[in-house]
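K.L.:
Supplied in structure tokens, the structure appears directly below.
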Amino acid sequence: MTAPRTAPRLALDPARTALVLVDLMDRIVGLPVEPRGGTAVLSAAEELATAFRKAGALVVLVRVERPGAVEQPPGSGLVAGLFAHGDLEIVKRSIGGFQGTGLDDRLRERGISTLVFGGIATNLGVESTARAAGDLGYDLVFAEDAMAALTAAEHDASVRLDFPRLGTVVTVGQVRLSAG
């Protein structure tokens with residue numbers, strides 16, 4: 001299991017920070033993922049989402065739909081109970097959550113400058129969305145224990161090699177929202 005370097009609790013301004021959870025849909029949460037199972041990722045993501053909502057911060061739930069499909073496969077909606085009033089649901093049709101979705105505009109309208117990421121798969125949907133966000137000038141935070149990939153090696157490559165170059169890697173317990 002990957003453990004990020006010990007870092008102090010990260011204090012984020014809820015007015016300028018959004019939580020971005022990627023592909024937490026039944027058919028993806030149910031995949032065999034590592035270094036933790038999909039239900040553990042979902043539990044950590046729900047903990048973050050609850051804290052963000054309580055602080056008045058935006059929660060963005062990104063889910064994928066297969067382009068050109070007449071009907072999406074079973075389990076293509078968000079996990080039941082994940083979406084709450086005030087959240088933003090984004091439907092993507094590519095690996096990342098920014099391409100053709102209007103996500104950037106919706107975040108900028110709200111004055112968001114920092115994004116905290118979680119979801120499945122670390123090295124695919126999460127990393128692709130984060131890379132685009134970095135290119136757009138957002139500050140990035142990665143909640144390592146709110147993510148998983150198809151293999152531990154893929155997860156670790158993103159968390160240990162790529163994410164530290166793009167932003168800050170923390171645990172769910174290190175994320176704290178406070179007026180800044």
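Residue numbering restarts at 1 for every chain of the structure tokens, chains are lettered A, B, ... in their displayed order, and ligands are numbered from 1 as they appear.
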Determine, counting only C-alpha atoms, which protein, DNA and RNA residues have an atom within 10 Å of an atom of A:Ala130; residues of the same chain fewer than 4 positions away are not included. Present the result as a ChimeraX atom specification.
P.N.:
/A:20,96-98,115-117,124-126,134-136,138-142,163,166-167
K.L.:
Got time to write the residues from that selection, C-alpha atoms, as a tab-separated table (two decimals), in the first residue's frame?
P.N.:
```tsv
chain	number	residue	atom	x	y	z
A	20	VAL	CA	-13.37	16.26	-7.75
A	96	GLY	CA	-10.46	13.14	-18.56
A	97	GLY	CA	-13.19	15.27	-17.05
A	98	PHE	CA	-12.44	18.57	-18.80
A	115	LEU	CA	-8.95	20.97	-6.80
A	116	VAL	CA	-8.73	17.96	-4.48
A	117	PHE	CA	-8.90	14.64	-6.34
A	124	LEU	CA	-6.53	6.99	-15.93
A	125	GLY	CA	-9.56	9.16	-15.17
A	126	VAL	CA	-8.07	10.84	-12.11
A	134	GLY	CA	-2.90	21.63	-14.07
A	135	ASP	CA	-2.61	22.86	-17.65
A	136	LEU	CA	-5.53	25.20	-16.92
A	138	TYR	CA	-5.52	25.00	-10.98
A	139	ASP	CA	-3.62	24.07	-7.82
A	140	LEU	CA	-3.87	20.31	-7.33
A	141	VAL	CA	-4.18	18.11	-4.26
A	142	PHE	CA	-4.38	14.32	-4.41
A	163	PHE	CA	1.33	13.54	-8.77
A	166	LEU	CA	1.70	18.21	-10.44
A	167	GLY	CA	0.60	19.07	-6.92
```
K.L.:
Write out as a list in words each polymer residue whose atoms come within 10 Å of A:Asp162, counting only C-alpha atoms; drop sequence neighbours fewer than 6 positions from it.
P.N.:
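Listed by chain and then number, they are Asn123, Glu127, Arg131 and Asp156 of chain A.
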K.L.:
Counting only C-alpha atoms, figure out which residue out of A:Val22, A:Ala133, A:Leu177, A:Leu78 gets nearest to A:Ile95.
P.N.:
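For A:Ile95, the nearest of the candidates is A:Val22.
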K.L.:
At what distance in Å, to one decimal, does atom CA of A:Leu103 lie from atom CA of A:Glu46?
P.N.:
21.0 Å
K.L.:
Might you pull out every residue within 8 Å of stretch 50-55 of chain A, with only C-alpha atoms counted and same-chain residues fewer than 2 positions away left off, and present them as a list in words?
P.N.:
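So, after excluding close chain neighbours, the residues are Pro14, Ala18, Leu19, Glu46, Glu47, Leu48, Ala57, Leu58, Val59, Leu177 and Ser178 of chain A.
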